[in-house]
file coords.tsv (TSV, N, CA and C atoms)
chain	number	residue	atom	x	y	z
A	124	MET	N	-23.88	-2.16	-21.98
A	124	MET	CA	-22.95	-1.32	-21.25
A	124	MET	C	-21.63	-1.26	-22.04
A	125	ALA	N	-21.08	-0.07	-22.15
A	125	ALA	CA	-19.82	0.13	-22.85
A	125	ALA	C	-18.66	-0.38	-22.01
A	126	LYS	N	-17.51	-0.38	-22.63
A	126	LYS	CA	-16.29	-0.84	-21.94
A	126	LYS	C	-15.85	0.17	-20.89
A	127	SER	N	-15.46	-0.32	-19.74
A	127	SER	CA	-14.94	0.52	-18.67
A	127	SER	C	-13.59	1.09	-19.08
A	128	LEU	N	-13.37	2.36	-18.76
A	128	LEU	CA	-12.11	3.03	-19.10
A	128	LEU	C	-11.28	3.25	-17.84
A	129	SER	N	-9.99	3.39	-18.03
A	129	SER	CA	-9.13	3.66	-16.88
A	129	SER	C	-9.29	5.11	-16.44
A	130	SER	N	-8.95	5.37	-15.19
A	130	SER	CA	-9.03	6.75	-14.67
A	130	SER	C	-8.12	7.67	-15.46
A	131	SER	N	-6.95	7.19	-15.87
A	131	SER	CA	-6.03	8.04	-16.62
A	131	SER	C	-6.57	8.35	-18.02
A	132	THR	N	-7.32	7.42	-18.63
A	132	THR	CA	-7.93	7.70	-19.93
A	132	THR	C	-8.98	8.79	-19.78
A	133	TYR	N	-9.79	8.71	-18.74
A	133	TYR	CA	-10.75	9.79	-18.49
A	133	TYR	C	-10.02	11.11	-18.27
A	134	GLY	N	-8.93	11.07	-17.51
A	134	GLY	CA	-8.15	12.29	-17.25
A	134	GLY	C	-7.60	12.90	-18.52
A	135	ARG	N	-7.04	12.06	-19.41
A	135	ARG	CA	-6.52	12.57	-20.69
A	135	ARG	C	-7.62	13.17	-21.53
A	136	THR	N	-8.76	12.50	-21.61
A	136	THR	CA	-9.90	13.00	-22.39
A	136	THR	C	-10.36	14.34	-21.86
A	137	PHE	N	-10.49	14.43	-20.57
A	137	PHE	CA	-10.96	15.66	-19.93
A	137	PHE	C	-10.03	16.83	-20.22
A	138	THR	N	-8.74	16.65	-20.01
A	138	THR	CA	-7.81	17.76	-20.20
A	138	THR	C	-7.65	18.12	-21.68
A	139	GLU	N	-7.73	17.13	-22.55
A	139	GLU	CA	-7.65	17.41	-23.99
A	139	GLU	C	-8.83	18.28	-24.42
A	140	PHE	N	-10.01	17.96	-23.91
A	140	PHE	CA	-11.17	18.79	-24.25
A	140	PHE	C	-10.96	20.22	-23.75
A	141	LEU	N	-10.54	20.38	-22.51
A	141	LEU	CA	-10.35	21.72	-21.96
A	141	LEU	C	-9.33	22.51	-22.76
A	142	ARG	N	-8.34	21.82	-23.29
A	142	ARG	CA	-7.30	22.48	-24.07
A	142	ARG	C	-7.81	22.93	-25.44
A	143	ARG	N	-8.67	22.12	-26.05
A	143	ARG	CA	-9.09	22.36	-27.44
A	143	ARG	C	-10.33	23.22	-27.62
A	144	TYR	N	-11.27	23.15	-26.69
A	144	TYR	CA	-12.57	23.77	-26.95
A	144	TYR	C	-12.81	24.99	-26.06
A	145	PRO	N	-13.62	25.91	-26.58
A	145	PRO	CA	-13.90	27.13	-25.81
A	145	PRO	C	-14.76	26.86	-24.59
A	146	LYS	N	-14.67	27.77	-23.63
A	146	LYS	CA	-15.44	27.62	-22.39
A	146	LYS	C	-16.94	27.56	-22.64
A	147	ALA	N	-17.40	28.15	-23.72
A	147	ALA	CA	-18.84	28.17	-24.02
A	147	ALA	C	-19.41	26.76	-24.15
A	148	GLU	N	-18.59	25.81	-24.53
A	148	GLU	CA	-19.05	24.43	-24.72
A	148	GLU	C	-18.84	23.57	-23.48
A	149	SER	N	-18.30	24.13	-22.41
A	149	SER	CA	-17.91	23.31	-21.26
A	149	SER	C	-19.09	22.66	-20.55
A	150	ASN	N	-20.22	23.35	-20.41
A	150	ASN	CA	-21.37	22.74	-19.73
A	150	ASN	C	-21.89	21.53	-20.48
A	151	ARG	N	-21.96	21.65	-21.81
A	151	ARG	CA	-22.43	20.53	-22.62
A	151	ARG	C	-21.44	19.36	-22.52
A	152	PHE	N	-20.14	19.67	-22.55
A	152	PHE	CA	-19.13	18.63	-22.44
A	152	PHE	C	-19.21	17.93	-21.08
A	153	LEU	N	-19.31	18.71	-20.00
A	153	LEU	CA	-19.35	18.11	-18.66
A	153	LEU	C	-20.54	17.17	-18.51
A	154	ALA	N	-21.70	17.57	-19.04
A	154	ALA	CA	-22.88	16.70	-18.99
A	154	ALA	C	-22.62	15.40	-19.76
A	155	ALA	N	-22.01	15.52	-20.93
A	155	ALA	CA	-21.71	14.33	-21.74
A	155	ALA	C	-20.64	13.47	-21.05
A	156	PHE	N	-19.69	14.10	-20.40
A	156	PHE	CA	-18.62	13.38	-19.72
A	156	PHE	C	-19.19	12.57	-18.55
A	157	VAL	N	-20.05	13.18	-17.75
A	157	VAL	CA	-20.69	12.48	-16.64
A	157	VAL	C	-21.55	11.33	-17.17
A	158	ASN	N	-22.26	11.57	-18.26
A	158	ASN	CA	-23.08	10.53	-18.87
A	158	ASN	C	-22.22	9.36	-19.34
A	159	LEU	N	-21.05	9.67	-19.92
A	159	LEU	CA	-20.14	8.61	-20.36
A	159	LEU	C	-19.68	7.75	-19.18
A	160	ILE	N	-19.36	8.38	-18.08
A	160	ILE	CA	-18.95	7.64	-16.88
A	160	ILE	C	-20.06	6.70	-16.43
A	161	HIS	N	-21.30	7.20	-16.45
A	161	HIS	CA	-22.46	6.35	-16.09
A	161	HIS	C	-22.61	5.19	-17.08
A	162	GLN	N	-22.59	5.49	-18.37
A	162	GLN	CA	-22.80	4.47	-19.40
A	162	GLN	C	-21.75	3.37	-19.33
A	163	ASN	N	-20.54	3.73	-18.98
A	163	ASN	CA	-19.46	2.74	-18.92
A	163	ASN	C	-19.47	1.95	-17.60
A	164	GLY	N	-20.40	2.29	-16.72
A	164	GLY	CA	-20.47	1.59	-15.44
A	164	GLY	C	-19.36	1.98	-14.48
A	165	ASP	N	-18.78	3.15	-14.70
A	165	ASP	CA	-17.65	3.59	-13.88
A	165	ASP	C	-18.05	4.58	-12.78
A	166	TRP	N	-19.33	4.79	-12.59
A	166	TRP	CA	-19.76	5.75	-11.58
A	166	TRP	C	-19.23	5.44	-10.18
A	167	PRO	N	-19.14	4.17	-9.77
A	167	PRO	CA	-18.57	3.89	-8.44
A	167	PRO	C	-17.11	4.36	-8.31
A	168	ARG	N	-16.42	4.54	-9.44
A	168	ARG	CA	-15.03	5.00	-9.40
A	168	ARG	C	-14.91	6.51	-9.65
A	169	ARG	N	-16.00	7.23	-9.51
A	169	ARG	CA	-16.02	8.64	-9.88
A	169	ARG	C	-15.02	9.50	-9.10
A	170	LYS	N	-14.77	9.18	-7.84
A	170	LYS	CA	-13.80	9.98	-7.06
A	170	LYS	C	-12.39	9.79	-7.61
A	171	ARG	N	-12.05	8.57	-7.97
A	171	ARG	CA	-10.73	8.30	-8.55
A	171	ARG	C	-10.60	8.98	-9.91
A	172	ILE	N	-11.68	8.95	-10.69
A	172	ILE	CA	-11.69	9.60	-12.01
A	172	ILE	C	-11.54	11.11	-11.85
A	173	LEU	N	-12.27	11.67	-10.91
A	173	LEU	CA	-12.17	13.11	-10.65
A	173	LEU	C	-10.75	13.49	-10.26
A	174	ARG	N	-10.12	12.71	-9.40
A	174	ARG	CA	-8.75	12.99	-8.97
A	174	ARG	C	-7.80	12.92	-10.17
A	175	SER	N	-7.99	11.93	-11.03
A	175	SER	CA	-7.16	11.80	-12.22
A	175	SER	C	-7.32	13.00	-13.15
A	176	CYS	N	-8.55	13.44	-13.34
A	176	CYS	CA	-8.81	14.62	-14.18
A	176	CYS	C	-8.15	15.86	-13.57
A	177	GLU	N	-8.27	16.01	-12.26
A	177	GLU	CA	-7.68	17.16	-11.58
A	177	GLU	C	-6.16	17.15	-11.73
A	178	LEU	N	-5.52	16.02	-11.48
A	178	LEU	CA	-4.06	15.95	-11.55
A	178	LEU	C	-3.55	16.15	-12.97
A	179	ARG	N	-4.25	15.61	-13.96
A	179	ARG	CA	-3.89	15.82	-15.37
A	179	ARG	C	-3.98	17.30	-15.72
A	180	TRP	N	-5.09	17.91	-15.31
A	180	TRP	CA	-5.27	19.34	-15.59
A	180	TRP	C	-4.15	20.14	-14.93
A	181	ARG	N	-3.82	19.81	-13.70
A	181	ARG	CA	-2.77	20.53	-12.98
A	181	ARG	C	-1.43	20.42	-13.71
A	182	LYS	N	-1.11	19.24	-14.23
A	182	LYS	CA	0.14	19.08	-14.98
A	182	LYS	C	0.13	19.95	-16.23
A	183	THR	N	-0.98	19.92	-16.93
A	183	THR	CA	-1.11	20.70	-18.16
A	183	THR	C	-1.02	22.20	-17.87
A	184	ALA	N	-1.67	22.64	-16.80
A	184	ALA	CA	-1.71	24.06	-16.45
A	184	ALA	C	-0.45	24.51	-15.71
A	185	GLY	N	0.39	23.57	-15.30
A	185	GLY	CA	1.59	23.92	-14.55
A	185	GLY	C	1.28	24.45	-13.16
A	186	ARG	N	0.23	23.92	-12.57
A	186	ARG	CA	-0.18	24.34	-11.22
A	186	ARG	C	-0.30	23.11	-10.33
A	187	PRO	N	0.80	22.69	-9.71
A	187	PRO	CA	0.78	21.45	-8.91
A	187	PRO	C	-0.03	21.57	-7.63
A	188	LEU	N	-0.45	20.42	-7.14
A	188	LEU	CA	-1.12	20.32	-5.85
A	188	LEU	C	-0.11	19.76	-4.86
A	189	LEU	N	0.16	20.51	-3.82
A	189	LEU	CA	1.06	20.07	-2.76
A	189	LEU	C	0.20	19.67	-1.57
A	190	THR	N	0.24	18.40	-1.20
A	190	THR	CA	-0.53	17.89	-0.09
A	190	THR	C	0.39	17.77	1.13
A	191	ILE	N	-0.01	18.40	2.22
A	191	ILE	CA	0.74	18.36	3.46
A	191	ILE	C	-0.06	17.50	4.43
A	192	GLU	N	0.48	16.33	4.75
A	192	GLU	CA	-0.19	15.44	5.69
A	192	GLU	C	0.53	15.49	7.02
A	193	SER	N	-0.23	15.61	8.08
A	193	SER	CA	0.36	15.64	9.42
A	193	SER	C	-0.62	15.04	10.42
A	194	ALA	N	-0.09	14.64	11.57
A	194	ALA	CA	-0.92	14.04	12.61
A	194	ALA	C	-1.82	15.08	13.28
A	195	ARG	N	-1.33	16.31	13.32
A	195	ARG	CA	-2.09	17.40	13.94
A	195	ARG	C	-2.11	18.59	12.99
A	196	ARG	N	-3.09	19.42	13.16
A	196	ARG	CA	-3.21	20.61	12.33
A	196	ARG	C	-1.97	21.48	12.50
A	197	LEU	N	-1.48	22.02	11.40
A	197	LEU	CA	-0.32	22.90	11.47
A	197	LEU	C	-0.69	24.19	12.20
A	198	SER	N	0.24	24.67	13.00
A	198	SER	CA	0.00	25.95	13.69
A	198	SER	C	0.09	27.07	12.66
A	199	PRO	N	-0.44	28.25	12.97
A	199	PRO	CA	-0.32	29.37	12.03
A	199	PRO	C	1.14	29.67	11.66
A	200	ALA	N	2.04	29.54	12.63
A	200	ALA	CA	3.47	29.80	12.35
A	200	ALA	C	4.03	28.74	11.38
A	201	GLN	N	3.66	27.47	11.59
A	201	GLN	CA	4.12	26.41	10.70
A	201	GLN	C	3.55	26.61	9.29
A	202	ARG	N	2.28	26.95	9.22
A	202	ARG	CA	1.64	27.18	7.92
A	202	ARG	C	2.29	28.35	7.20
A	203	GLN	N	2.67	29.37	7.93
A	203	GLN	CA	3.34	30.53	7.35
A	203	GLN	C	4.69	30.11	6.75
A	204	VAL	N	5.42	29.24	7.43
A	204	VAL	CA	6.70	28.74	6.92
A	204	VAL	C	6.48	27.98	5.62
A	205	VAL	N	5.46	27.11	5.60
A	205	VAL	CA	5.15	26.32	4.40
A	205	VAL	C	4.77	27.25	3.25
A	206	ASP	N	3.88	28.20	3.50
A	206	ASP	CA	3.47	29.15	2.46
A	206	ASP	C	4.66	29.91	1.90
A	207	LYS	N	5.56	30.32	2.76
A	207	LYS	CA	6.75	31.06	2.34
A	207	LYS	C	7.66	30.19	1.47
A	208	GLN	N	7.81	28.91	1.86
A	208	GLN	CA	8.67	27.99	1.11
A	208	GLN	C	8.17	27.78	-0.32
A	209	PHE	N	6.85	27.78	-0.51
A	209	PHE	CA	6.29	27.48	-1.82
A	209	PHE	C	5.74	28.72	-2.53
A	210	ALA	N	6.09	29.89	-2.06
A	210	ALA	CA	5.59	31.14	-2.64
A	210	ALA	C	6.21	31.42	-4.01
A	211	HIS	N	7.36	30.83	-4.31
A	211	HIS	CA	8.07	31.10	-5.56
A	211	HIS	C	7.38	30.53	-6.80
A	212	ALA	N	6.51	29.56	-6.64
A	212	ALA	CA	5.87	28.91	-7.78
A	212	ALA	C	4.37	28.82	-7.54
A	213	PRO	N	3.59	28.94	-8.62
A	213	PRO	CA	2.14	28.79	-8.44
A	213	PRO	C	1.80	27.35	-8.07
A	214	ALA	N	1.16	27.18	-6.95
A	214	ALA	CA	0.76	25.85	-6.49
A	214	ALA	C	-0.40	26.01	-5.52
A	215	ASP	N	-1.17	24.95	-5.39
A	215	ASP	CA	-2.25	24.93	-4.42
A	215	ASP	C	-1.84	24.01	-3.28
A	216	LEU	N	-2.07	24.45	-2.07
A	216	LEU	CA	-1.71	23.66	-0.89
A	216	LEU	C	-2.96	23.04	-0.28
A	217	GLU	N	-2.86	21.76	0.04
A	217	GLU	CA	-3.96	21.03	0.66
A	217	GLU	C	-3.41	20.43	1.95
A	218	GLU	N	-4.08	20.69	3.05
A	218	GLU	CA	-3.65	20.15	4.34
A	218	GLU	C	-4.58	19.02	4.73
A	219	VAL	N	-4.00	17.85	5.06
A	219	VAL	CA	-4.77	16.66	5.41
A	219	VAL	C	-4.30	16.16	6.77
A	220	LEU	N	-5.25	15.92	7.65
A	220	LEU	CA	-4.92	15.37	8.97
A	220	LEU	C	-4.93	13.84	8.91
A	221	ARG	N	-3.83	13.22	9.36
A	221	ARG	CA	-3.71	11.77	9.41
A	221	ARG	C	-3.09	11.39	10.75
A	222	PRO	N	-3.92	11.14	11.76
A	222	PRO	CA	-3.40	10.80	13.10
A	222	PRO	C	-2.46	9.61	13.10
A	223	GLU	N	-2.62	8.68	12.17
A	223	GLU	CA	-1.78	7.49	12.13
A	223	GLU	C	-0.31	7.81	11.82
A	224	LEU	N	-0.01	9.03	11.39
A	224	LEU	CA	1.38	9.43	11.13
A	224	LEU	C	2.15	9.69	12.43
A	225	LEU	N	1.43	9.86	13.53
A	225	LEU	CA	1.97	10.08	14.87
A	225	LEU	C	2.61	11.45	15.05
A	226	ALA	N	3.59	11.80	14.24
A	226	ALA	CA	4.26	13.11	14.32
A	226	ALA	C	4.98	13.34	12.99
A	227	GLY	N	5.38	14.58	12.75
A	227	GLY	CA	6.09	14.90	11.52
A	227	GLY	C	5.13	15.23	10.39
A	228	VAL	N	5.67	15.33	9.18
A	228	VAL	CA	4.86	15.66	8.01
A	228	VAL	C	5.26	14.80	6.82
A	229	ARG	N	4.32	14.66	5.91
A	229	ARG	CA	4.57	14.01	4.63
A	229	ARG	C	4.09	15.00	3.56
A	230	LEU	N	4.98	15.34	2.62
A	230	LEU	CA	4.65	16.25	1.53
A	230	LEU	C	4.55	15.44	0.24
A	231	THR	N	3.47	15.66	-0.49
A	231	THR	CA	3.27	14.95	-1.75
A	231	THR	C	2.90	15.95	-2.82
A	232	GLN	N	3.53	15.83	-3.99
A	232	GLN	CA	3.21	16.70	-5.11
A	232	GLN	C	2.45	15.90	-6.15
A	233	ASN	N	1.24	16.32	-6.46
A	233	ASN	CA	0.39	15.69	-7.48
A	233	ASN	C	0.25	14.18	-7.31
A	234	ASP	N	0.17	13.71	-6.09
A	234	ASP	CA	0.02	12.27	-5.79
A	234	ASP	C	1.17	11.43	-6.35
A	235	GLU	N	2.31	12.05	-6.65
A	235	GLU	CA	3.41	11.30	-7.25
A	235	GLU	C	4.69	11.37	-6.42
A	236	ARG	N	5.28	12.53	-6.34
A	236	ARG	CA	6.54	12.69	-5.61
A	236	ARG	C	6.23	12.89	-4.14
A	237	GLN	N	7.04	12.25	-3.29
A	237	GLN	CA	6.72	12.29	-1.87
A	237	GLN	C	7.98	12.41	-1.01
A	238	LEU	N	7.88	13.26	0.00
A	238	LEU	CA	8.90	13.36	1.04
A	238	LEU	C	8.22	12.99	2.34
A	239	ASP	N	8.72	11.97	3.01
A	239	ASP	CA	8.05	11.46	4.21
A	239	ASP	C	8.96	11.63	5.42
A	240	TRP	N	8.61	12.60	6.26
A	240	TRP	CA	9.35	12.86	7.50
A	240	TRP	C	8.44	12.61	8.69
A	241	THR	N	7.85	11.40	8.74
A	241	THR	CA	6.90	11.11	9.80
A	241	THR	C	7.49	10.09	10.78
A	242	LEU	N	6.98	10.15	12.00
A	242	LEU	CA	7.39	9.19	13.02
A	242	LEU	C	6.96	7.78	12.62
A	243	ALA	N	5.80	7.66	11.99
A	243	ALA	CA	5.32	6.34	11.56
A	243	ALA	C	6.31	5.69	10.60
A	244	LYS	N	6.85	6.46	9.67
A	244	LYS	CA	7.83	5.90	8.73
A	244	LYS	C	9.11	5.51	9.46
A	245	LEU	N	9.57	6.36	10.35
A	245	LEU	CA	10.79	6.08	11.11
A	245	LEU	C	10.63	4.79	11.92
A	246	LEU	N	9.50	4.62	12.58
A	246	LEU	CA	9.25	3.41	13.36
A	246	LEU	C	9.19	2.17	12.46
A	247	ARG	N	8.50	2.29	11.34
A	247	ARG	CA	8.43	1.18	10.39
A	247	ARG	C	9.82	0.75	9.94
A	248	GLU	N	10.63	1.73	9.54
A	248	GLU	CA	11.98	1.41	9.08
A	248	GLU	C	12.83	0.80	10.20
A	249	THR	N	12.68	1.31	11.40
A	249	THR	CA	13.44	0.80	12.55
A	249	THR	C	13.08	-0.65	12.83
A	250	PHE	N	11.79	-0.97	12.84
A	250	PHE	CA	11.37	-2.34	13.13
A	250	PHE	C	11.76	-3.29	12.02
A	251	VAL	N	11.70	-2.86	10.79
A	251	VAL	CA	12.12	-3.71	9.67
A	251	VAL	C	13.61	-3.99	9.78
A	252	GLU	N	14.39	-2.94	10.08
A	252	GLU	CA	15.83	-3.10	10.23
A	252	GLU	C	16.16	-4.07	11.36
A	253	GLN	N	15.47	-3.95	12.50
A	253	GLN	CA	15.71	-4.85	13.63
A	253	GLN	C	15.33	-6.29	13.28
A	254	GLU	N	14.25	-6.44	12.53
A	254	GLU	CA	13.83	-7.79	12.14
A	254	GLU	C	14.85	-8.44	11.21
A	255	VAL	N	15.40	-7.64	10.29
A	255	VAL	CA	16.42	-8.16	9.39
A	255	VAL	C	17.66	-8.58	10.16
A	256	ARG	N	18.06	-7.76	11.14
A	256	ARG	CA	19.23	-8.09	11.95
A	256	ARG	C	19.01	-9.35	12.78
A	257	SER	N	17.81	-9.52	13.29
A	257	SER	CA	17.53	-10.69	14.14
A	257	SER	C	17.51	-11.99	13.33
A	258	ARG	N	17.28	-11.89	12.04
A	258	ARG	CA	17.25	-13.10	11.19
A	258	ARG	C	18.65	-13.55	10.80
A	259	LYS	N	19.63	-12.67	10.94
A	259	LYS	CA	21.01	-13.03	10.52
A	259	LYS	C	21.67	-13.94	11.51

call {"tool": "encode", "arguments": {"input": "coords.tsv", "output": "structure tokens"}}
result
Amino acid sequence: MAKSLSSSTYGRTFTEFLRRYPKAESNRFLAAFVNLIHQNGDWPRRKRILRSCELRWRKTAGRPLLTIESARRLSPAQRQVVDKQFAHAPADLEEVLRPELLAGVRLTQNDERQLDWTLAKLLRETFVEQEVRSRK
């Protein structure tokens, strides 16, 4: 078995190939890429590797992924506001339901930058602050 590679190394390899080689070779490359993941024993990490490849490609292509997490599905009016806010730049929007957020939204760009306006975060911060005060 070959040495296991990091998800970011797979991501760099994937995007470098897409940048350098013509589309005609893509099927052969993808088959070899999947085979490499198997040979290295990294198949159980394939979802993480896929996400790394996707995010690397998005950075290279200048097309970020904006993830909108909320406790409940956004209403059509709310979704229209979000679409309007991000209409100025090419981006893909992904909506994820996370009931544990309780209320509010969390926006994440390419799994890196994050704005968290959720009730869960507010409660966490409030309880931590109260605990710190009680220890003084």

call {"tool": "closest_residue", "arguments": {"input": "coords.tsv", "among": "A:Ala212, A:Ala200, A:Ile160, A:Ala243", "to": "Arg186 in chain A", "atoms": "only C-alpha atoms"}}
result
A:Ala212

call {"tool": "atom_distance", "arguments": {"input": "coords.tsv", "atom1": "atom N of Arg181 in chain A", "atom2": "atom C of Phe137 in chain A"}}
result
9.5 Å

call {"tool": "select_by_dssp", "arguments": {"input": "coords.tsv", "residues": "chain A", "states": "alpha helix (DSSP H)", "output": "PyMOL selection string"}}
result
chain A and resi 130-143+149-162+169-184+199-208+242-258

call {"tool": "residues_around", "arguments": {"input": "coords.tsv", "residues": "range 227-231 of chain A", "least_positions_apart": "3", "cutoff": "7 Å", "atoms": "only N, CA and C atoms", "output": "ChimeraX atom specification"}}
result
/A:188-195,224,234-243

call {"tool": "write_last_selection", "arguments": {"input": "coords.tsv", "atoms": "N, CA and C atoms", "output": "compact mmCIF listing (two decimals), in the coordinates of the input"}}
result
# COMPACT_ATOMS: atom_id res chain seq x y z
N LEU A 188 -0.45 20.42 -7.14
CA LEU A 188 -1.12 20.32 -5.85
C LEU A 188 -0.11 19.76 -4.86
N LEU A 189 0.16 20.51 -3.82
CA LEU A 189 1.06 20.07 -2.76
C LEU A 189 0.20 19.67 -1.57
N THR A 190 0.24 18.40 -1.20
CA THR A 190 -0.53 17.89 -0.09
C THR A 190 0.39 17.77 1.13
N ILE A 191 -0.01 18.40 2.22
CA ILE A 191 0.74 18.36 3.46
C ILE A 191 -0.06 17.50 4.43
N GLU A 192 0.48 16.33 4.75
CA GLU A 192 -0.19 15.44 5.69
C GLU A 192 0.53 15.49 7.02
N SER A 193 -0.23 15.61 8.08
CA SER A 193 0.36 15.64 9.42
C SER A 193 -0.62 15.04 10.42
N ALA A 194 -0.09 14.64 11.57
CA ALA A 194 -0.92 14.04 12.61
C ALA A 194 -1.82 15.08 13.28
N ARG A 195 -1.33 16.31 13.32
CA ARG A 195 -2.09 17.40 13.94
C ARG A 195 -2.11 18.59 12.99
N LEU A 224 -0.01 9.03 11.39
CA LEU A 224 1.38 9.43 11.13
C LEU A 224 2.15 9.69 12.43
N ASP A 234 0.17 13.71 -6.09
CA ASP A 234 0.02 12.27 -5.79
C ASP A 234 1.17 11.43 -6.35
N GLU A 235 2.31 12.05 -6.65
CA GLU A 235 3.41 11.30 -7.25
C GLU A 235 4.69 11.37 -6.42
N ARG A 236 5.28 12.53 -6.34
CA ARG A 236 6.54 12.69 -5.61
C ARG A 236 6.23 12.89 -4.14
N GLN A 237 7.04 12.25 -3.29
CA GLN A 237 6.72 12.29 -1.87
C GLN A 237 7.98 12.41 -1.01
N LEU A 238 7.88 13.26 0.00
CA LEU A 238 8.90 13.36 1.04
C LEU A 238 8.22 12.99 2.34
N ASP A 239 8.72 11.97 3.01
CA ASP A 239 8.05 11.46 4.21
C ASP A 239 8.96 11.63 5.42
N TRP A 240 8.61 12.60 6.26
CA TRP A 240 9.35 12.86 7.50
C TRP A 240 8.44 12.61 8.69
N THR A 241 7.85 11.40 8.74
CA THR A 241 6.90 11.11 9.80
C THR A 241 7.49 10.09 10.78
N LEU A 242 6.98 10.15 12.00
CA LEU A 242 7.39 9.19 13.02
C LEU A 242 6.96 7.78 12.62
N ALA A 243 5.80 7.66 11.99
CA ALA A 243 5.32 6.34 11.56
C ALA A 243 6.31 5.69 10.60

call {"tool": "atom_distance", "arguments": {"input": "coords.tsv", "atom1": "atom C of Lys146 in chain A", "atom2": "atom C of Trp180 in chain A"}}
result
16.7 Å

call {"tool": "atom_distance", "arguments": {"input": "coords.tsv", "atom1": "atom C of Leu159 in chain A", "atom2": "CA of Lys126 in chain A"}}
result
9.6 Å

call {"tool": "closest_residue", "arguments": {"input": "coords.tsv", "among": "A:Glu223, A:Glu148, A:Asp215, A:Asp165", "to": "Lys244 in chain A", "atoms": "only N, CA and C atoms"}}
result
A:Glu223

call {"tool": "closest_residue", "arguments": {"input": "coords.tsv", "among": "A:Ser198, A:Ser127, A:Thr132, A:Thr138", "to": "Asn163 in chain A", "atoms": "all atoms listed in the file"}}
result
A:Ser127

call {"tool": "residues_around", "arguments": {"input": "coords.tsv", "residues": "Glu139 in chain A", "least_positions_apart": "2", "cutoff": "12 Å", "atoms": "only C-alpha atoms", "output": "CSV table (one decimal) with N, CA and C atoms, in the frame of the given file"}}
result
chain,number,residue,atom,x,y,z
A,132,THR,N,-7.3,7.4,-18.6
A,132,THR,CA,-7.9,7.7,-19.9
A,132,THR,C,-9.0,8.8,-19.8
A,133,TYR,N,-9.8,8.7,-18.7
A,133,TYR,CA,-10.8,9.8,-18.5
A,133,TYR,C,-10.0,11.1,-18.3
A,134,GLY,N,-8.9,11.1,-17.5
A,134,GLY,CA,-8.2,12.3,-17.2
A,134,GLY,C,-7.6,12.9,-18.5
A,135,ARG,N,-7.0,12.1,-19.4
A,135,ARG,CA,-6.5,12.6,-20.7
A,135,ARG,C,-7.6,13.2,-21.5
A,136,THR,N,-8.8,12.5,-21.6
A,136,THR,CA,-9.9,13.0,-22.4
A,136,THR,C,-10.4,14.3,-21.9
A,137,PHE,N,-10.5,14.4,-20.6
A,137,PHE,CA,-11.0,15.7,-19.9
A,137,PHE,C,-10.0,16.8,-20.2
A,141,LEU,N,-10.5,20.4,-22.5
A,141,LEU,CA,-10.4,21.7,-22.0
A,141,LEU,C,-9.3,22.5,-22.8
A,142,ARG,N,-8.3,21.8,-23.3
A,142,ARG,CA,-7.3,22.5,-24.1
A,142,ARG,C,-7.8,22.9,-25.4
A,143,ARG,N,-8.7,22.1,-26.0
A,143,ARG,CA,-9.1,22.4,-27.4
A,143,ARG,C,-10.3,23.2,-27.6
A,144,TYR,N,-11.3,23.2,-26.7
A,144,TYR,CA,-12.6,23.8,-27.0
A,144,TYR,C,-12.8,25.0,-26.1
A,145,PRO,N,-13.6,25.9,-26.6
A,145,PRO,CA,-13.9,27.1,-25.8
A,145,PRO,C,-14.8,26.9,-24.6
A,152,PHE,N,-20.1,19.7,-22.6
A,152,PHE,CA,-19.1,18.6,-22.4
A,152,PHE,C,-19.2,17.9,-21.1
A,176,CYS,N,-8.6,13.4,-13.3
A,176,CYS,CA,-8.8,14.6,-14.2
A,176,CYS,C,-8.2,15.9,-13.6
A,179,ARG,N,-4.2,15.6,-14.0
A,179,ARG,CA,-3.9,15.8,-15.4
A,179,ARG,C,-4.0,17.3,-15.7
A,180,TRP,N,-5.1,17.9,-15.3
A,180,TRP,CA,-5.3,19.3,-15.6
A,180,TRP,C,-4.2,20.1,-14.9
A,183,THR,N,-1.0,19.9,-16.9
A,183,THR,CA,-1.1,20.7,-18.2
A,183,THR,C,-1.0,22.2,-17.9
A,184,ALA,N,-1.7,22.6,-16.8
A,184,ALA,CA,-1.7,24.1,-16.4
A,184,ALA,C,-0.4,24.5,-15.7

call {"tool": "select_by_dssp", "arguments": {"input": "coords.tsv", "residues": "range 128-258 of chain A", "states": "strand (DSSP E)", "output": "list in words"}}
result
Leu188, Leu189, Thr190, Ile191, Glu192, Ser193, Asp215, Leu216, Glu217, Glu218, Val219, Leu220, Gly227, Val228, Arg229, Leu230, Thr231, Gln232, Arg236, Gln237, Leu238, Asp239, Trp240 and Thr241 of chain A

call {"tool": "decode", "arguments": {"input": "coords.tsv", "residues": "range 144-159 of chain A", "atoms": "C-alpha atoms", "output": "mmCIF file, in the first residue's frame"}}
result
data_model
loop_
_atom_site.group_PDB
_atom_site.id
_atom_site.type_symbol
_atom_site.label_atom_id
_atom_site.label_comp_id
_atom_site.auth_asym_id
_atom_site.auth_seq_id
_atom_site.Cartn_x
_atom_site.Cartn_y
_atom_site.Cartn_z
ATOM 1 C CA TYR A 144 -4.653 19.212 -19.470
ATOM 2 C CA PRO A 145 -7.426 19.251 -22.057
ATOM 3 C CA LYS A 146 -10.907 17.992 -21.279
ATOM 4 C CA ALA A 147 -10.366 15.066 -23.659
ATOM 5 C CA GLU A 148 -8.081 13.453 -21.076
ATOM 6 C CA SER A 149 -10.368 14.053 -18.090
ATOM 7 C CA ASN A 150 -12.071 10.627 -18.030
ATOM 8 C CA ARG A 151 -8.736 8.829 -18.039
ATOM 9 C CA PHE A 152 -7.420 11.148 -15.317
ATOM 10 C CA LEU A 153 -10.504 10.722 -13.113
ATOM 11 C CA ALA A 154 -10.215 6.924 -13.321
ATOM 12 C CA ALA A 155 -6.524 7.119 -12.385
ATOM 13 C CA PHE A 156 -7.286 9.601 -9.591
ATOM 14 C CA VAL A 157 -9.929 7.318 -8.041
ATOM 15 C CA ASN A 158 -7.528 4.382 -8.383
ATOM 16 C CA LEU A 159 -4.815 6.384 -6.590
#
